[in-house]
Every structure is written in structure tokens, then in C-alpha cells.
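Okay, so here's the structure we're looking at.
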Amino acid sequence: MARILITSAIPYINGIKHLGNLVGSQLPADLYARYCRARGDEVMFLCATDEHGTPAELAAAKAGKPVADYCAEMHEVQAELARGFRLSFDHFGRSSSPQNHALTQYFAGRLADNGYIQEVTEKQVFSKADDRFLPDRYIEGTCPNCGYDKARGDQCENCTKQLDPTDLIDPRSAISGSTDLEVRETKHLYLRQSLLKDDLAAWIDSKTDWPVLTTSIAKKWLNDGDGLQDRGITRDLHWGIPVKKGTQDWPGMQGKVFYVWFDAPIEYIAAAAEWAEANGKTEADWRRWWRTDEGAADVRYVQFMGKDNVPFHTLSFPATIMGSRDAWKLVDYIKSFNYLNYDGGQFSTSQGRGVFMDQALAILPSDYWRWWLLSHAPESSDSEFTWENFQASVNKDLADVLGNFVSRVTKFCRSKFGEEVPAGGSLGTREQALIDELTTRVAAYQDHMAAIEVRKAAAELRAIWVAGNEYLQSAAPWSVYKTDPEQAAAIIRLSLNLIRLYAVLSAPFIPDASATMLTAMATTDDAWPDDIAQALTVLEPGHGFSVPEILFRKIADEEREDWQARFAGVRS
RNA sequence: GGGCCUGUAGCUCAAUUGGUUAGAGCAGAGCGCUCAUAACGCUUUGGUUGGGGGUUCGAGUCCCUCCGGGCCUACCA
């Protein structure tokens, strides 16, 4: 039995995520986790909320709440939405947890002991009115290059020129608008990841099976310009993990916290510790997932993320682990995704453009979204959500191909044989051909799932559903019944078993519908079909079943138009 | 500016890494079926693989160039 550690990029705390965020990390991670579990692997699937940083403080201030309270509330909101989408985390943690505090401080101490931390005194812009140092992009002013008056301190969005905050004419705080700014000296810790450049390069070069998207981004950062740059891992903020060297105070760093991108990946580890605490497990129970010297040597670790997260997962976090010189588990495979766009443009959190997780669930059950999003996952390039495409896919794939198959089989049986699996008849060459085709297709499906080729897996699963309709059409039990009821019984017995098979195979994509199908078939046998012929005999003659409610309803044109209009504009 | 990705049927995507006649789904057309959510099945129309040039016995795939789309460029996360 393989042991698979799976993490999804942890969503930021400052609001509800949109479908683009969902399909880029959490949803495919869940698909893979469910598949691995179904195949009998031992799975640890972890996620969390990413709670530190300036945007969290500002969002809390805007909501008029203490930042700790705000994060606690938003964590619960996101956890509830995750449950709504049936994301099967073993634990959904918080980067602000005590476990992450301790681990982050521990890593910093180890890195310092091993010579990978450098103290750097630098100058940063301080806003007296806001009582905080301002990140570059939180400073606005007039661009010295093109005169655009809303240029940010890191880059002018109008002329795309890269800027330094001190370049701006008439700089002001983007938070308060205050012009009472001054440059102050402040000391920060830098992670000397440049010292690990060769180790990182060799490690990445060894990952020949990774998606191009992942390795090309990593190599770009490794080799661009002067090569991998050292990175500041502390900030002058109130909300965050206090800078400490292990459990010791760090002289000169009082009042500072670690940079969110330093502590966020460490939360992957801390989430396992949180899982242990929440489930009455021991320290050793979680460390056997993360320490190769404490039982994790046989663990395969797979990460899921959008492409914007790749540099941190291929360079900074591995540098943190390598620099600790501890036996922490490095990632084995990084599955990265492009962006999902919305109807001709981008999803926009600030403009409320597109569909957000809470709105999606208010419109339709999660399976509808899971199916569309996963079968259109932006693997090879950015992809686009349109309501027309969503409507067509849901109606055709889910309602017509799968849902109607369940409906026609169960209703035909009920009317001719009653609500139990009929006896009699025997399997012939047509049935054997179906079994052969399914055997081939299920093998292909498994290959795609193992390779985390999400769209290909979805296409193969759909073809497996179609095979049932093809079989039924050619076997035509409604005709056979007139002359040979026993043979019609054999056809329907096989078809009822197909429903159970489909429930098992489809569960990673559409868990609720799969559960409904199993319930209708009155079985709890959801064993993965290693032998298709055998799997199609599980429901034996005399076994009772029920006709389920419509599995998937169709989306009407009027609804689609209504939603189209509702989500084009500003989120109310 | 630099780098990376991308462009294949009306739409969404494949094509075993250079190898027969470029394939699926949806949409369109025709036929069949009547168990079923007006569902299902079969057949079928549709391509100068963005344009041009080159390498090769052979190019969707490799090289050059032009055009279009996207992403990243290190203090948002």
C-alpha cells in the first residue's frame, strides 16, 4: 500500500475564493486524494488558510475587527465552503496555529545555525498616518516615466516600467492616502538561498517528469539575471509569527514577524501536527509523514498549485528544508495549473467579476461544478469559463449521458421486473465485448489519474459512461423482453451492475452523485474494480434497489442567461 | 525590454515526443430506437495545423521570421 502525502496551495484568508482559485489547487488535489484512497493507498491530504501579511491586516481593519477574530471567522467560512465542495482534507489547518509558530521559529533557528540567514539593514517607506511600513505596492504616486498618477511603488501599471518607491512623484499611502511618509532604516533577516542554488538546480534537474510549466518557472528564477536572489523572510508587521531563533529571542528583531511566504509553506508540515492534535494522535503519527528518518522514507509527496505559486514551492520552501539540514520530506511531484478566465476576461476578486465559491453552491450542487471545472482544468494553457460551455457540459455529460443512463435502466427494470435485480439469462459475446472495452478504458482511466492528467481522465470517464448507453442500445432489452424475458433480465442485471461500477469510478469527480447511485443500488460495496467482469456481478439476483431521484437536472436557457447577467458585474 | 507558454474543425481539446490518410466531445445534417431527464445509438459534413521560409526520405511536432493570445519578471499573496 503506497503512502501519499498531498497538499493544496493554501488559500489566502482575505475573502472567498473564486472558481479559478478552486480549480487551480484544492479541487484537483481532492480529485487525486479521493482516487488514491479508492485505490487503497494511505493518504494524508492537507490544506489550510494562509492568514498572515498586510492584506489580512487591512481586510480586518476594513471589517472593523481585530485581525485574529477576522481570521478565525474567515477560516470558518472557507472551511464551510470546502465542505460544501466536498474537499476531503484530512485536516484544514491555519497558518496562525501554535504548531506553525513553533515550526517556523524552529526552521529559522536551524537556518541561522547552518549559516543560511543574513541580517540586512535596509531602508523602507514608513507611513506615520497608517503607523506601518508600506510594501512597495501599497505606495502610490505619479510615474516619473509616463506621468500616470496611480503608479504603484513596484511597477507602473500604465507603462509597465519597474519602479522603486522612491522614484514616485508625490508618493502617498495606498491605504490611507496620507502623504506623510518617510524612509526609515529597518533590519531584516534574509534567507541566503543563493548559497543553495546548485543544490536546488540539481534537484530540479532530477525532476524530469514534472510539468513543463513547473520546471520552466523554476529554472527561470534560478538562472535569471544574477541567478537566485536571497530573500527577505521578515516583515515589520503586528500580525504574524514573531521572529525567534528556535525558542530563543532574536536580538534586534523584537516586534517583527516572519514574512508570510516563509511561514505559509511550513504550514503544510504544521497542518499535519494540527491533524495529530485534533485527532488524538501522537507526535510520531504525524512525523512519519514528514521526516524521512522517522518513517516517511516511503512517502510520495505531491503538491498542487496555480502557476503563480511555483517559485515559492520549487525554490524558497525547498531551500528552507535543505538549509535546515534535517530529514524533512521534499516534494516529489508538483502539479501546477494555469489560470481559469471568466467569459472573456479574468476573474476579479476586487471587481466581483466571475463566480465565487459561495455563489456557485447557492446556484447548483457541488458535483455540477466539480465536473465542469475538472474536465476543463487549465493544464496546458489558460482556459475559460463560459456559461454556454458550462450549460452544455452539464446537460450533456451529467444529465444525458450518465444521469439518463441510471434513469433508463432503473425505471425499465422496475416496470418489467420490479425493484430487485432480476434472475435468469446468460452473458453472450455482446456482454463480453463490453467487459473488454471497459477493461481497456478503466486501465487508461487509471493511467491518467495516476499521472494526474485531469482532463484526459475526465474524458475517459465520460467514454466509460457512453459505453453503457451503447451497450444498452445494441442489447435493446425492451425488444428482447417481448420474446425472451430471461435474456432481457440478464441485460438489465448487467446494466444495474454498471450503475454500481460507475458510482465507484466516478466518485473522485462527483462524490455526491456516486453516493446517491450506491444508495439507490442498496450497496456499500465501493471496492475499486480490479476485475471488471467480477465487478459486474456484485449485485446478485434478488438484490433490492430503488429508482433514485433525477441524478442531475438540466440547466435551462433562461437560467443560464440570468446567471450570465448576474455575475458579469459587481459583487453585491 | 527580457524570459516562458500558447495558436490544430464553428466551440472545447487530443495527437504515443520526427513516422501511414491529423483524431474526440459539443454544435450542424441524415437515419434508427422508443427503456429513459425530448433522453440514447448509428452514419455523416467540417482542417493549407496562425502566415511565410528552411532542415529532413518524412514536419502539427525541429530551426528562422512575422502576426495574434497569455503568464512571469523577485516587497500582494
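We name chains A, B, ... following the order of the C-alpha cells; residues begin at 1 in each chain, and ligands are numbered from 1 as shown.
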Can you build me a table of chain A residues sitting at most 6 Å from chain B, with the closest atom pair per residue and its distance in Å to one decimal, using only C-alpha atoms (C1' of nucleotides), sorted by chain and residue number, as CSV?
residue,atom,partner,partner_atom,distance
A:Pro135,CA,B:C75,C1',5.2
A:Asp136,CA,B:C75,C1',5.5
A:Asn404,CA,B:U37,C1',5.9
A:Ser407,CA,B:A36,C1',5.9
A:Arg408,CA,B:A36,C1',3.8
A:Phe412,CA,B:C35,C1',5.1
A:Gln473,CA,B:G41,C1',5.7
A:Trp478,CA,B:C35,C1',5.9
Open item on the list: Set the distance at 9 Å and use only C-alpha atoms (C1' of nucleotides): which residues neighbour Arg441 in chain A once local chain neighbours fewer than 5 positions away are removed? I'd like the list as a list in words.
Closed with: Asp436, Gln446, Glu460, Leu461, Ala463 and Ile464 of chain A
TODO: Within 7 Å of Glu384 in chain A, counting only C-alpha atoms (C1' of nucleotides), which residues show up once you throw out same-chain ones fewer than 6 positions away? Write them as an MDAnalysis selection string, please.
DONE: chainID A and resid 340:343
Mind dumping the selected residues with C-alpha atoms as a PDB file, in the first residue's frame?
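Writing the result to result22.pdb gives the following:
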ATOM      1  CA  LEU A 340      -9.100  29.911 -15.451  1.00  0.00           C
ATOM      2  CA  ASN A 341     -10.546  33.022 -17.042  1.00  0.00           C
ATOM      3  CA  TYR A 342     -14.127  34.168 -16.869  1.00  0.00           C
ATOM      4  CA  ASP A 343     -16.097  34.799 -20.027  1.00  0.00           C
TER       5      ASP A 343
END
- [ ] Enumerate as a PyMOL selection string all residues of range 410-559 of chain A assigned to alpha helix (DSSP H) by DSSP on the backbone, naming them with the chain letters and numbers the document uses.
- [x] chain A and resi 410-416+429-450+454-475+477-483+485-506+511-520+532-535+557-559
- [ ] May I have the residues within 8 Å of Ile435 in chain A as a ChimeraX atom specification, using only C-alpha atoms (C1' of nucleotides) and disregarding those fewer than 4 positions away in the same chain?
- [x] /A:431,439,532-533
Emit the selected residues as a compact mmCIF listing (two decimals), in the first residue's frame, including N, CA and C atoms.
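Output (selection_37.txt):
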# COMPACT_ATOMS: atom_id res chain seq x y z
N GLU A 431 -21.94 -8.92 -24.32
CA GLU A 431 -21.55 -8.58 -22.95
C GLU A 431 -20.04 -8.69 -22.78
N THR A 439 -12.60 -2.86 -19.60
CA THR A 439 -11.30 -3.22 -19.03
C THR A 439 -10.20 -2.32 -19.60
N ILE A 532 -13.06 -6.28 -14.03
CA ILE A 532 -14.33 -5.70 -14.45
C ILE A 532 -15.45 -6.75 -14.47
N ALA A 533 -15.15 -7.93 -15.02
CA ALA A 533 -16.17 -8.98 -15.11
C ALA A 533 -16.70 -9.32 -13.73
Open item on the list: I want to know what sits within 12 Å of Phe304 in chain A, based on only C-alpha atoms (C1' of nucleotides), with residues of the same chain fewer than 4 positions away left out; could you give that as a ChimeraX atom specification?
Closed with: /A:5-11,21-33,45-47,210-211,214,268,308-310,313-314,331-338,379,452
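One distance worth recording is that between CA of Glu388 in chain A and CA of Ile499 in chain A, which is 28.6 Å.
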Could you give me, as a compact mmCIF listing (two decimals) with all heavy atoms, in the first residue's frame, the residues within 10 Å of A15 in chain B, counting only C-alpha atoms (C1' of nucleotides) and dropping anything in the same chain fewer than 6 positions from it?
# COMPACT_ATOMS: atom_id res chain seq x y z
P U B 8 -6.02 27.05 -32.38
OP1 U B 8 -7.04 27.77 -33.17
OP2 U B 8 -6.30 26.62 -30.99
O5' U B 8 -5.54 25.79 -33.21
C5' U B 8 -5.21 25.93 -34.58
C4' U B 8 -5.31 24.59 -35.26
O4' U B 8 -4.40 23.66 -34.60
C3' U B 8 -6.66 23.91 -35.15
O3' U B 8 -7.57 24.41 -36.11
C2' U B 8 -6.29 22.46 -35.38
O2' U B 8 -5.99 22.23 -36.75
C1' U B 8 -4.97 22.37 -34.59
N1 U B 8 -5.17 21.96 -33.19
C2 U B 8 -5.38 20.62 -32.93
O2 U B 8 -5.42 19.79 -33.81
N3 U B 8 -5.55 20.30 -31.61
C4 U B 8 -5.54 21.17 -30.55
O4 U B 8 -5.70 20.72 -29.42
C5 U B 8 -5.33 22.54 -30.88
C6 U B 8 -5.15 22.88 -32.17
P A B 22 -4.58 13.05 -42.77
OP1 A B 22 -5.56 13.99 -43.37
OP2 A B 22 -3.15 13.37 -42.87
O5' A B 22 -4.96 12.89 -41.23
C5' A B 22 -4.13 12.20 -40.33
C4' A B 22 -4.25 12.79 -38.95
O4' A B 22 -3.60 14.09 -38.94
C3' A B 22 -5.69 13.09 -38.51
O3' A B 22 -6.25 11.94 -37.92
C2' A B 22 -5.50 14.21 -37.51
O2' A B 22 -5.14 13.70 -36.23
C1' A B 22 -4.31 14.96 -38.09
N9 A B 22 -4.67 16.14 -38.87
C8 A B 22 -4.81 16.28 -40.21
N7 A B 22 -5.12 17.49 -40.60
C5 A B 22 -5.21 18.20 -39.42
C6 A B 22 -5.50 19.54 -39.15
N6 A B 22 -5.77 20.44 -40.09
N1 A B 22 -5.52 19.93 -37.84
C2 A B 22 -5.25 19.04 -36.91
N3 A B 22 -4.95 17.75 -37.04
C4 A B 22 -4.94 17.39 -38.34
P G B 23 -7.21 11.02 -38.69
OP1 G B 23 -6.42 10.12 -39.54
OP2 G B 23 -8.25 11.88 -39.33
O5' G B 23 -7.89 10.13 -37.57
C5' G B 23 -9.07 10.57 -37.00
C4' G B 23 -8.85 10.70 -35.50
O4' G B 23 -8.04 11.86 -35.24
C3' G B 23 -10.15 10.96 -34.73
O3' G B 23 -10.74 9.70 -34.41
C2' G B 23 -9.68 11.70 -33.50
O2' G B 23 -9.25 10.80 -32.50
C1' G B 23 -8.44 12.45 -34.02
N9 G B 23 -8.64 13.89 -34.24
C8 G B 23 -8.64 14.56 -35.44
N7 G B 23 -8.79 15.86 -35.30
C5 G B 23 -8.88 16.04 -33.94
C6 G B 23 -9.04 17.23 -33.18
O6 G B 23 -9.12 18.39 -33.58
N1 G B 23 -9.10 16.97 -31.82
C2 G B 23 -9.00 15.73 -31.26
N2 G B 23 -9.08 15.67 -29.94
N3 G B 23 -8.84 14.61 -31.95
C4 G B 23 -8.79 14.84 -33.27
P G B 60 2.74 18.29 -40.80
OP1 G B 60 2.47 16.85 -40.73
OP2 G B 60 2.42 19.04 -42.03
O5' G B 60 1.97 19.01 -39.61
C5' G B 60 1.96 20.43 -39.51
C4' G B 60 1.77 20.86 -38.09
O4' G B 60 0.79 20.00 -37.48
C3' G B 60 3.01 20.70 -37.21
O3' G B 60 3.84 21.83 -37.29
C2' G B 60 2.41 20.54 -35.83
O2' G B 60 2.04 21.80 -35.27
C1' G B 60 1.13 19.75 -36.14
N9 G B 60 1.28 18.31 -35.94
C8 G B 60 1.30 17.33 -36.91
N7 G B 60 1.44 16.12 -36.43
C5 G B 60 1.53 16.32 -35.06
C6 G B 60 1.69 15.38 -34.00
O6 G B 60 1.79 14.16 -34.07
N1 G B 60 1.73 16.02 -32.76
C2 G B 60 1.62 17.37 -32.56
N2 G B 60 1.69 17.78 -31.31
N3 G B 60 1.48 18.25 -33.53
C4 G B 60 1.43 17.66 -34.75
P U B 61 5.44 21.71 -37.31
OP1 U B 61 5.99 23.07 -37.22
OP2 U B 61 5.81 20.81 -38.42
O5' U B 61 5.79 20.93 -35.95
C5' U B 61 5.45 21.50 -34.67
C4' U B 61 5.79 20.52 -33.59
O4' U B 61 5.05 19.29 -33.84
C3' U B 61 7.27 20.15 -33.54
O3' U B 61 7.71 20.08 -32.20
C2' U B 61 7.31 18.77 -34.20
O2' U B 61 8.34 17.94 -33.70
C1' U B 61 5.94 18.20 -33.85
N1 U B 61 5.46 17.23 -34.85
C2 U B 61 5.24 15.93 -34.46
O2 U B 61 5.39 15.55 -33.32
N3 U B 61 4.82 15.08 -35.45
C4 U B 61 4.62 15.40 -36.77
O4 U B 61 4.24 14.53 -37.55
C5 U B 61 4.89 16.77 -37.11
C6 U B 61 5.29 17.62 -36.16
TODO: Output as a list in words all residues of range 52-105 of chain A that backbone DSSP marks as strand (DSSP E).
DONE: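 Answer for range 52-105 of chain A restricted to strand (DSSP E) is His91, Phe92, Gly93 and Arg94 of chain A.
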Residues as selected, all heavy atoms, written as a short mmCIF file (atom, residue, chain, number, x, y, z; two decimals), in the first residue's frame, can you do that?
data_model
loop_
_atom_site.label_atom_id
_atom_site.label_comp_id
_atom_site.auth_asym_id
_atom_site.auth_seq_id
_atom_site.Cartn_x
_atom_site.Cartn_y
_atom_site.Cartn_z
N HIS A 91 -7.05 17.30 7.12
CA HIS A 91 -7.09 18.42 8.06
C HIS A 91 -7.01 19.73 7.29
O HIS A 91 -6.24 19.86 6.35
CB HIS A 91 -5.95 18.34 9.07
CG HIS A 91 -6.09 19.37 10.17
ND1 HIS A 91 -7.01 19.25 11.17
CD2 HIS A 91 -5.44 20.54 10.40
CE1 HIS A 91 -6.93 20.30 11.99
NE2 HIS A 91 -5.99 21.09 11.53
N PHE A 92 -7.84 20.68 7.69
CA PHE A 92 -7.82 22.02 7.11
C PHE A 92 -7.34 22.96 8.21
O PHE A 92 -8.09 23.32 9.11
CB PHE A 92 -9.22 22.40 6.63
CG PHE A 92 -9.27 23.70 5.87
CD1 PHE A 92 -8.55 23.88 4.70
CD2 PHE A 92 -10.06 24.75 6.34
CE1 PHE A 92 -8.60 25.08 4.00
CE2 PHE A 92 -10.13 25.96 5.63
CZ PHE A 92 -9.40 26.11 4.47
N GLY A 93 -6.08 23.28 8.18
CA GLY A 93 -5.45 23.98 9.28
C GLY A 93 -5.42 25.49 9.11
O GLY A 93 -6.11 26.05 8.26
N ARG A 94 -4.60 26.12 9.96
CA ARG A 94 -4.44 27.57 9.92
C ARG A 94 -2.96 27.89 10.07
O ARG A 94 -2.31 27.39 10.99
CB ARG A 94 -5.23 28.22 11.06
CG ARG A 94 -6.71 27.88 11.05
CD ARG A 94 -7.44 28.59 12.18
NE ARG A 94 -7.28 30.04 12.09
CZ ARG A 94 -7.69 30.91 13.03
NH1 ARG A 94 -8.28 30.47 14.12
NH2 ARG A 94 -7.51 32.20 12.87
#
TODO: Considering only C-alpha atoms (C1' of nucleotides), return as a PyMOL selection string whatever protein or nucleic-acid residues lie within 12 Å of Leu330 in chain A, sequence-local ones (same chain, fewer than 4 positions apart) excluded.
DONE: chain A and resi 5+200+203-204+207+265-266+268-269+289-292+296-297+299-303+313-326+334
Dump as a CSV table (one decimal), in the first residue's frame, selection limited to C-alpha atoms:
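Result file result.csv:
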chain,number,residue,atom,x,y,z
A,5,LEU,CA,1.1,13.0,1.1
A,200,LEU,CA,18.3,23.4,-6.0
A,203,TRP,CA,17.3,18.7,-7.6
A,204,ILE,CA,15.1,20.4,-10.2
A,207,LYS,CA,12.7,16.0,-11.8
A,265,PRO,CA,4.7,26.5,3.2
A,266,ILE,CA,5.8,25.4,6.7
A,268,TYR,CA,2.0,22.2,5.2
A,269,ILE,CA,4.0,20.5,7.9
A,289,TRP,CA,4.6,11.7,7.1
A,290,TRP,CA,7.2,14.4,7.1
A,291,ARG,CA,10.5,13.0,8.4
A,292,THR,CA,12.3,10.6,6.2
A,296,ALA,CA,8.4,9.0,5.7
A,297,ALA,CA,11.0,7.4,3.5
A,299,VAL,CA,6.0,8.6,1.3
A,300,ARG,CA,5.3,10.1,-2.1
A,301,TYR,CA,4.6,13.8,-1.6
A,302,VAL,CA,2.5,15.6,-4.3
A,303,GLN,CA,1.7,19.4,-4.3
A,313,HIS,CA,7.4,25.8,-3.9
A,314,THR,CA,10.3,25.0,-6.2
A,315,LEU,CA,12.9,27.3,-4.6
A,316,SER,CA,12.1,29.1,-1.4
A,317,PHE,CA,10.5,26.3,0.5
A,318,PRO,CA,12.9,23.6,-0.7
A,319,ALA,CA,15.7,26.0,0.3
A,320,THR,CA,14.2,26.2,3.7
A,321,ILE,CA,14.1,22.5,4.0
A,322,MET,CA,17.6,21.9,2.5
A,323,GLY,CA,19.1,24.6,4.6
A,324,SER,CA,17.7,23.1,7.8
A,325,ARG,CA,19.8,20.0,7.1
A,326,ASP,CA,17.1,18.0,8.7
A,334,ILE,CA,4.5,19.4,-8.3
